[in-house]
$ cat entry-v8.txt   # compact mmCIF, C-alpha atoms
# COMPACT_ATOMS: atom_id res chain seq x y z
CA MET A 1 6.44 20.88 -20.92
CA ASN A 2 2.95 19.74 -21.78
CA VAL A 3 0.15 19.60 -19.29
CA HIS A 4 0.32 15.83 -18.76
CA LEU A 5 3.93 15.98 -17.70
CA VAL A 6 3.19 18.88 -15.36
CA LEU A 7 0.30 16.99 -13.77
CA PHE A 8 2.42 13.82 -13.50
CA LEU A 9 5.19 15.75 -11.76
CA ALA A 10 2.74 17.47 -9.40
CA PHE A 11 1.05 14.23 -8.32
CA GLY A 12 4.39 12.46 -8.21
CA ALA A 13 5.82 15.13 -5.92
CA VAL A 14 2.90 14.63 -3.52
CA CYS A 15 3.49 10.84 -3.65
CA VAL A 16 7.20 11.17 -2.93
CA ALA A 17 6.67 13.71 -0.15
CA GLY A 18 4.04 11.53 1.51
CA ALA A 19 6.17 8.40 1.31
CA VAL A 20 9.20 10.17 2.79
CA ASN A 21 6.97 11.71 5.47
CA LEU A 22 5.73 8.23 6.38
CA LEU A 23 9.33 7.27 7.09
CA ALA A 24 10.14 10.49 8.95
CA GLN A 25 7.13 10.74 11.26
CA ARG A 26 7.28 9.01 14.61
CA HIS A 27 3.62 9.09 15.53
CA PRO A 28 1.51 6.52 13.65
CA ILE A 29 -1.41 8.90 13.11
CA ASN A 30 0.87 11.27 11.17
CA GLY A 31 2.09 8.33 9.11
CA ALA A 32 -1.51 7.31 8.37
CA LEU A 33 -2.40 10.82 7.19
CA SER A 34 0.64 11.00 4.90
CA LEU A 35 -0.28 7.58 3.50
CA ILE A 36 -3.75 8.94 2.70
CA ALA A 37 -2.05 11.78 0.81
CA VAL A 38 0.02 9.24 -1.16
CA MET A 39 -3.09 7.26 -2.08
CA ALA A 40 -5.05 10.34 -3.17
CA ALA A 41 -2.16 11.48 -5.36
CA LEU A 42 -1.89 7.98 -6.83
CA ALA A 43 -5.56 8.22 -7.79
CA GLY A 44 -4.61 11.32 -9.78
CA GLU A 45 -1.86 9.35 -11.52
CA TYR A 46 -4.37 6.64 -12.41
CA LEU A 47 -6.64 9.27 -13.94
CA LEU A 48 -3.72 10.49 -16.05
CA LEU A 49 -3.27 6.91 -17.28
CA GLY A 50 -6.92 6.70 -18.29
CA ALA A 51 -7.93 4.29 -15.53
CA GLU A 52 -11.03 6.04 -14.26
CA PHE A 53 -12.58 3.07 -12.49
CA VAL A 54 -9.33 2.20 -10.71
CA ALA A 55 -8.91 5.83 -9.62
CA ALA A 56 -12.42 5.88 -8.13
CA VAL A 57 -11.88 2.54 -6.37
CA GLN A 58 -8.52 3.76 -5.09
CA VAL A 59 -10.16 6.74 -3.40
CA ILE A 60 -13.18 4.85 -2.11
CA VAL A 61 -11.58 1.60 -0.96
CA TYR A 62 -7.98 2.49 -0.20
CA ALA A 63 -8.03 6.11 0.96
CA GLY A 64 -11.52 5.64 2.36
CA ALA A 65 -12.22 2.25 3.85
CA ILE A 66 -8.80 0.76 4.53
CA MET A 67 -7.27 3.92 5.95
CA VAL A 68 -10.32 4.55 8.12
CA LEU A 69 -9.70 1.08 9.52
CA PHE A 70 -6.08 2.01 10.25
CA VAL A 71 -6.95 5.33 11.88
CA PHE A 72 -9.67 3.62 13.90
CA THR A 73 -7.21 1.01 15.18
CA ILE A 74 -4.62 3.67 16.04
CA MET A 75 -7.20 5.56 18.08
CA LEU A 76 -8.61 2.39 19.64
CA LEU A 77 -5.21 1.24 20.87
CA ASN A 78 -4.17 4.80 21.81
CA ALA A 79 -0.88 4.36 19.99
CA GLY A 80 1.78 6.77 21.14
CA VAL A 81 5.06 7.98 19.72
CA GLU A 82 7.22 5.04 18.73
CA GLU A 83 10.34 4.34 20.70
CA ARG A 84 13.67 4.55 18.96
CA THR A 85 15.89 1.53 19.26
CA LYS A 86 19.46 1.40 18.15
CA GLY A 87 19.92 -0.68 15.06
CA SER A 88 23.12 -2.43 14.18
CA ARG A 89 25.91 -0.22 12.89
CA VAL A 90 26.79 -2.66 10.12
CA ALA A 91 23.33 -2.13 8.66
CA VAL A 92 23.87 1.63 8.55
CA LEU A 93 27.44 1.41 7.22
CA LEU A 94 26.60 -1.06 4.48
CA GLY A 95 22.95 -0.32 3.91
CA ILE A 96 23.01 3.38 3.02
CA PRO A 97 25.76 3.14 0.35
CA GLY A 98 24.15 -0.03 -0.96
CA LEU A 99 20.76 1.65 -1.12
CA LEU A 100 22.17 4.66 -2.99
CA LEU A 101 24.11 2.45 -5.41
CA GLY A 102 21.14 0.18 -6.07
CA SER A 103 18.69 3.04 -6.63
CA ILE A 104 21.09 4.85 -8.98
CA LEU A 105 21.68 1.62 -10.93
CA VAL A 106 17.99 0.76 -11.24
CA GLY A 107 17.04 4.33 -12.15
CA TRP A 108 19.76 4.52 -14.78
CA VAL A 109 18.81 1.19 -16.35
CA VAL A 110 15.10 2.01 -16.41
CA LEU A 111 15.53 5.53 -17.76
CA ARG A 112 18.14 4.54 -20.31
CA HIS A 113 17.12 1.18 -21.66
CA SER A 114 13.36 0.97 -21.43
CA GLY A 115 11.65 2.27 -24.52
CA THR A 116 10.90 5.95 -24.23
CA GLU A 117 7.49 5.49 -25.78
CA ALA A 118 5.05 7.72 -24.06
CA VAL A 119 1.94 6.65 -22.22
CA ALA A 120 -0.92 8.58 -23.69
CA ALA A 121 -3.41 9.86 -21.16
CA GLY A 122 -6.87 8.50 -21.70
CA ALA A 123 -5.67 6.14 -24.44
CA LEU A 124 -7.26 3.14 -22.77
CA PRO A 125 -10.96 2.88 -22.02
CA GLY A 126 -10.79 2.32 -18.30
CA ASP A 127 -14.42 3.13 -17.63
CA PRO A 128 -16.49 0.87 -15.37
CA LYS A 129 -18.33 -0.68 -18.33
CA ALA A 130 -15.19 -2.08 -19.97
CA ILE A 131 -13.77 -3.22 -16.62
CA GLY A 132 -17.06 -4.90 -15.75
CA GLN A 133 -17.21 -6.71 -19.09
CA LEU A 134 -13.74 -8.12 -18.43
CA LEU A 135 -14.38 -8.83 -14.76
CA PHE A 136 -17.58 -10.79 -15.26
CA HIS A 137 -16.50 -12.74 -18.34
CA GLU A 138 -12.81 -13.61 -18.34
CA PHE A 139 -12.13 -13.10 -14.64
CA LEU A 140 -15.36 -14.50 -13.23
CA LEU A 141 -13.74 -17.35 -11.30
CA PRO A 142 -11.10 -15.15 -9.58
CA PHE A 143 -13.86 -12.68 -8.77
CA GLU A 144 -15.91 -15.35 -7.03
CA ILE A 145 -12.84 -16.66 -5.23
CA THR A 146 -12.08 -13.18 -3.87
CA SER A 147 -15.61 -12.97 -2.52
CA VAL A 148 -14.95 -16.20 -0.58
CA LEU A 149 -11.65 -14.70 0.59
CA ILE A 150 -13.45 -11.60 1.88
CA LEU A 151 -15.94 -13.79 3.74
CA ILE A 152 -13.12 -15.77 5.38
CA ALA A 153 -11.34 -12.51 6.28
CA ILE A 154 -14.47 -11.14 7.96
CA MET A 155 -14.91 -14.29 10.03
CA GLY A 156 -11.20 -14.40 10.88
CA ALA A 157 -11.23 -10.78 12.03
CA VAL A 158 -14.25 -11.40 14.24
CA VAL A 159 -12.62 -14.49 15.77
CA LEU A 160 -9.25 -12.79 16.31
CA ALA A 161 -10.51 -9.49 17.68
CA SER A 162 -13.23 -10.81 19.96
CA LYS A 163 -12.29 -11.22 23.57
CA PRO A 164 -11.71 -14.81 24.63
CA ALA A 165 -14.15 -16.00 27.25
CA THR A 166 -11.80 -16.67 30.16
CA SER A 167 -14.20 -17.52 32.92
CA PRO A 168 -15.42 -21.14 32.99
CA ALA A 169 -18.97 -19.99 33.58
CA GLY A 170 -19.02 -18.69 30.02
CA LYS A 171 -19.36 -15.10 31.08
CA VAL A 172 -18.80 -12.93 28.06
CA GLU A 173 -17.30 -9.56 28.91
CA MET B 1 2.66 12.32 -23.03
CA VAL B 2 4.71 10.97 -20.17
CA PRO B 3 7.28 8.20 -20.78
CA LEU B 4 6.52 4.84 -19.20
CA SER B 5 9.87 4.84 -17.40
CA TYR B 6 8.85 7.86 -15.30
CA TYR B 7 5.92 5.89 -13.92
CA LEU B 8 8.19 2.92 -13.25
CA VAL B 9 10.70 5.06 -11.37
CA LEU B 10 7.92 6.55 -9.21
CA SER B 11 6.54 3.06 -8.59
CA GLY B 12 9.97 1.76 -7.63
CA PHE B 13 10.52 4.68 -5.29
CA LEU B 14 7.21 4.04 -3.50
CA PHE B 15 8.07 0.34 -3.17
CA ALA B 16 11.53 1.18 -1.82
CA CYS B 17 10.03 3.56 0.74
CA GLY B 18 7.70 0.77 1.82
CA VAL B 19 10.57 -1.67 2.23
CA ALA B 20 12.61 0.89 4.18
CA GLY B 21 9.67 1.64 6.47
CA PHE B 22 9.08 -2.06 7.00
CA LEU B 23 12.68 -2.52 8.07
CA ILE B 24 13.37 0.59 10.18
CA LYS B 25 10.03 1.24 11.86
CA ARG B 26 9.35 -0.17 15.31
CA ASN B 27 5.61 0.47 15.63
CA ILE B 28 3.62 -2.49 14.38
CA ILE B 29 0.89 -0.29 12.85
CA THR B 30 3.45 1.76 10.92
CA ILE B 31 5.04 -1.45 9.66
CA PHE B 32 1.63 -2.51 8.41
CA MET B 33 1.14 0.82 6.65
CA SER B 34 4.51 0.33 4.94
CA ILE B 35 3.16 -2.90 3.46
CA GLU B 36 0.20 -0.94 2.07
CA LEU B 37 2.68 1.53 0.55
CA MET B 38 4.48 -1.35 -1.20
CA LEU B 39 1.17 -2.62 -2.61
CA ASN B 40 0.39 0.86 -3.91
CA GLY B 41 3.73 1.09 -5.66
CA VAL B 42 3.10 -2.22 -7.42
CA ASN B 43 -0.41 -1.09 -8.39
CA LEU B 44 1.02 1.98 -10.13
CA SER B 45 3.25 -0.15 -12.35
CA PHE B 46 0.29 -2.45 -13.11
CA VAL B 47 -1.77 0.50 -14.36
CA ALA B 48 1.17 2.04 -16.24
CA PHE B 49 1.90 -1.23 -18.07
CA ALA B 50 -1.81 -1.71 -18.79
CA ALA B 51 -1.91 1.71 -20.45
CA HIS B 52 1.35 1.08 -22.25
CA TRP B 53 0.45 -2.29 -23.78
CA HIS B 54 -3.26 -1.48 -24.18
CA VAL B 55 -4.31 -4.50 -22.14
CA LEU B 56 -7.19 -3.82 -19.78
CA ALA B 57 -6.45 -6.91 -17.67
CA GLY B 58 -3.83 -4.95 -15.75
CA GLN B 59 -6.53 -2.72 -14.29
CA VAL B 60 -8.58 -5.76 -13.30
CA PHE B 61 -5.52 -7.08 -11.49
CA VAL B 62 -5.23 -3.81 -9.59
CA PHE B 63 -8.84 -4.35 -8.52
CA PHE B 64 -7.93 -7.81 -7.21
CA VAL B 65 -4.86 -6.46 -5.42
CA MET B 66 -7.10 -3.91 -3.67
CA VAL B 67 -9.53 -6.62 -2.57
CA VAL B 68 -6.73 -8.78 -1.21
CA ALA B 69 -5.23 -5.73 0.54
CA ALA B 70 -8.58 -5.01 2.17
CA ALA B 71 -8.83 -8.60 3.45
CA GLU B 72 -5.22 -8.47 4.62
CA ALA B 73 -5.77 -5.16 6.44
CA THR B 74 -8.83 -6.54 8.22
CA VAL B 75 -7.11 -9.69 9.47
CA GLY B 76 -3.84 -7.89 10.22
CA LEU B 77 -5.45 -5.20 12.33
CA ALA B 78 -7.39 -7.87 14.21
CA ILE B 79 -4.07 -9.61 14.92
CA ILE B 80 -2.59 -6.28 16.08
CA ILE B 81 -5.51 -5.84 18.49
CA ALA B 82 -5.02 -9.38 19.79
CA VAL B 83 -1.27 -8.78 20.24
CA TYR B 84 -1.90 -5.52 22.08
CA ARG B 85 -4.38 -7.24 24.36
CA THR B 86 -1.89 -9.89 25.43
CA ARG B 87 1.42 -7.97 25.34
CA GLU B 88 0.24 -4.42 26.17
CA THR B 89 2.64 -2.95 23.63
CA LEU B 90 2.85 -2.04 19.95
CA ASN B 91 6.65 -2.11 19.82
CA VAL B 92 7.80 -5.08 17.75
CA ASP B 93 11.04 -5.31 19.74
CA GLN B 94 9.04 -6.37 22.77
CA VAL B 95 7.02 -8.96 20.87
CA ASN B 96 9.82 -11.52 20.78
CA LEU B 97 8.31 -14.66 22.23
CA LEU B 98 9.47 -16.76 19.28
CA LYS B 99 13.02 -15.40 19.40
CA LEU B 100 15.76 -17.81 20.40

$ encode --input "entry-v8.txt" --output "structure tokens"
Amino acid sequence: MNVHLVLFLAFGAVCVAGAVNLLAQRHPINGALSLIAVMAALAGEYLLLGAEFVAAVQVIVYAGAIMVLFVFTIMLLNAGVEERTKGSRVAVLLGIPGLLLGSILVGWVVLRHSGTEAVAAGALPGDPKAIGQLLFHEFLLPFEITSVLILIAIMGAVVLASKPATSPAGKVE
Amino acid sequence: MVPLSYYLVLSGFLFACGVAGFLIKRNIITIFMSIELMLNGVNLSFVAFAAHWHVLAGQVFVFFVMVVAAAEATVGLAIIIAVYRTRETLNVDQVNLLKL
């Protein structure tokens, strides 16, 4: 057992535990916190793969900005414990064996038939300089298009979340 | 040195958890968080393949996925707020106006 495998297993265990906890918890704020744990552990996995810039962006944007937005919305709407509704019994009877069978099949195929070449930690220069070179030369057009997308998303969020002016006098509440 | 397939199995597990949460959860915010979990699982396989094939473009794609996820989260949460304002509930079973 070398140290990379140990670190991979440690971060992977946190990821798996957080993902299962997201399914198990009934209150959305607990789900949000376990999702933050998953994202932080994934940042560790990215560091193991040599992707430093992606790991930093994962922590700042995903675990920081996006999850703050989620937690803020949960608190704003005062979301309570979710109500259980009975699903169909056919889904349970067929779904759970199908899920087990499918996951065993996929895991067996991936572990058996994909090349067992190892991913060397830090083999790839994933520092911000190399990423920036690629981003502003080869991927310049997609980069500019995403900036337009962000602008449209901001305007859409403002339009959707603002209260509609109901009174004919134009009184804004 | 960790085999590539380990990363792919972890990525697939995260994606499967996201799909399961999307299907079995009834709170609209939790469903939305399951979508984020699916995106994270896909991101992990992007980075693992980028390191495996020594192509840095995979990491740039993860960057783009994060940007799109941020835009999606913004608009989606605004829609959730609008739904809550009109329906007074977060349970997707009670948001069934389009159901036949």

$ closest_residue --input "entry-v8.txt" --among "A:Ala157, A:Val14, A:Ile36, A:Ile29" --to "chain B" --atoms "only C-alpha atoms"
A:Ala157

$ atom_distance --input "entry-v8.txt" --atom1 "atom CA of A:Arg26" --atom2 "atom CA of A:Ala43"
25.8 Å

$ axis_aligned_box --input "entry-v8.txt" --around "stretch 51-60 of chain B" --padding-each-side "6 Å" --output "AutoDock Vina command-line options"
--center_x -3.6 --center_y -2.6 --center_z -18.7 --size_x 21.9 --size_y 20.6 --size_z 22.9

$ interface_residues --input "entry-v8.txt" --of "chain B" --to "chain A" --cutoff "7 Å" --atoms "all atoms listed in the file" --output "PDB file with C-alpha atoms, in the frame of the given file"
ATOM      1  CA  MET B   1       2.660  12.320 -23.030  1.00  0.00           C
ATOM      2  CA  VAL B   2       4.710  10.970 -20.170  1.00  0.00           C
ATOM      3  CA  PRO B   3       7.280   8.200 -20.780  1.00  0.00           C
ATOM      4  CA  LEU B   4       6.520   4.840 -19.200  1.00  0.00           C
ATOM      5  CA  SER B   5       9.870   4.840 -17.400  1.00  0.00           C
ATOM      6  CA  VAL B   9      10.700   5.060 -11.370  1.00  0.00           C
ATOM      7  CA  LEU B  10       7.920   6.550  -9.210  1.00  0.00           C
ATOM      8  CA  LEU B  14       7.210   4.040  -3.500  1.00  0.00           C
ATOM      9  CA  CYS B  17      10.030   3.560   0.740  1.00  0.00           C
ATOM     10  CA  GLY B  21       9.670   1.640   6.470  1.00  0.00           C
ATOM     11  CA  ARG B  26       9.350  -0.170  15.310  1.00  0.00           C
ATOM     12  CA  ASN B  27       5.610   0.470  15.630  1.00  0.00           C
ATOM     13  CA  ILE B  29       0.890  -0.290  12.850  1.00  0.00           C
ATOM     14  CA  THR B  30       3.450   1.760  10.920  1.00  0.00           C
ATOM     15  CA  VAL B  47      -1.770   0.500 -14.360  1.00  0.00           C
ATOM     16  CA  ALA B  48       1.170   2.040 -16.240  1.00  0.00           C
ATOM     17  CA  ALA B  51      -1.910   1.710 -20.450  1.00  0.00           C
ATOM     18  CA  HIS B  52       1.350   1.080 -22.250  1.00  0.00           C
ATOM     19  CA  HIS B  54      -3.260  -1.480 -24.180  1.00  0.00           C
ATOM     20  CA  GLN B  59      -6.530  -2.720 -14.290  1.00  0.00           C
ATOM     21  CA  VAL B  60      -8.580  -5.760 -13.300  1.00  0.00           C
ATOM     22  CA  PHE B  63      -8.840  -4.350  -8.520  1.00  0.00           C
ATOM     23  CA  ALA B  70      -8.580  -5.010   2.170  1.00  0.00           C
ATOM     24  CA  ALA B  71      -8.830  -8.600   3.450  1.00  0.00           C
ATOM     25  CA  ALA B  73      -5.770  -5.160   6.440  1.00  0.00           C
ATOM     26  CA  THR B  74      -8.830  -6.540   8.220  1.00  0.00           C
ATOM     27  CA  VAL B  75      -7.110  -9.690   9.470  1.00  0.00           C
ATOM     28  CA  ALA B  78      -7.390  -7.870  14.210  1.00  0.00           C
ATOM     29  CA  ILE B  79      -4.070  -9.610  14.920  1.00  0.00           C
ATOM     30  CA  ILE B  81      -5.510  -5.840  18.490  1.00  0.00           C
ATOM     31  CA  ALA B  82      -5.020  -9.380  19.790  1.00  0.00           C
TER      32      ALA B  82
END

$ closest_residue --input "entry-v8.txt" --among "A:Ala17, A:Val68, A:Ala55, A:Val90" --to "B:Val62" --atoms "all atoms listed in the file"
A:Ala55

$ atom_distance --input "entry-v8.txt" --atom1 "atom CA of A:Val148" --atom2 "atom CA of A:Gly64"
22.3 Å

$ closest_residue --input "entry-v8.txt" --among "B:Leu77, B:Val68, B:Val55, B:Leu23" --to "B:Val92" --atoms "all atoms listed in the file"
B:Leu23

$ atom_distance --input "entry-v8.txt" --atom1 "atom CA of B:Gly18" --atom2 "atom CA of B:Phe32"
9.5 Å

$ residues_around --input "entry-v8.txt" --residues "B:Ile31" --least-positions-apart "3" --cutoff "6 Å" --atoms "all atoms listed in the file" --output "PDB file with C-alpha atoms, in the frame of the given file"
ATOM      1  CA  PHE B  22       9.080  -2.060   7.000  1.00  0.00           C
ATOM      2  CA  ILE B  28       3.620  -2.490  14.380  1.00  0.00           C
ATOM      3  CA  SER B  34       4.510   0.330   4.940  1.00  0.00           C
TER       4      SER B  34
END

$ residues_near_point --input "entry-v8.txt" --point "(5.2, 1.0, -5.8)" --cutoff "9 Å" --atoms "only C-alpha atoms" --output "MDAnalysis selection string"
chainID B and resid 8:18 37:45

$ closest_residue --input "entry-v8.txt" --among "A:Ala63, A:Val92, A:Ala56, A:Met75" --to "A:Asp127" --atoms "all atoms listed in the file"
A:Ala56

$ closest_residue --input "entry-v8.txt" --among "B:Val83, B:Ala20, B:Trp53, B:Gly58" --to "B:Asn96" --atoms "only C-alpha atoms"
B:Val83
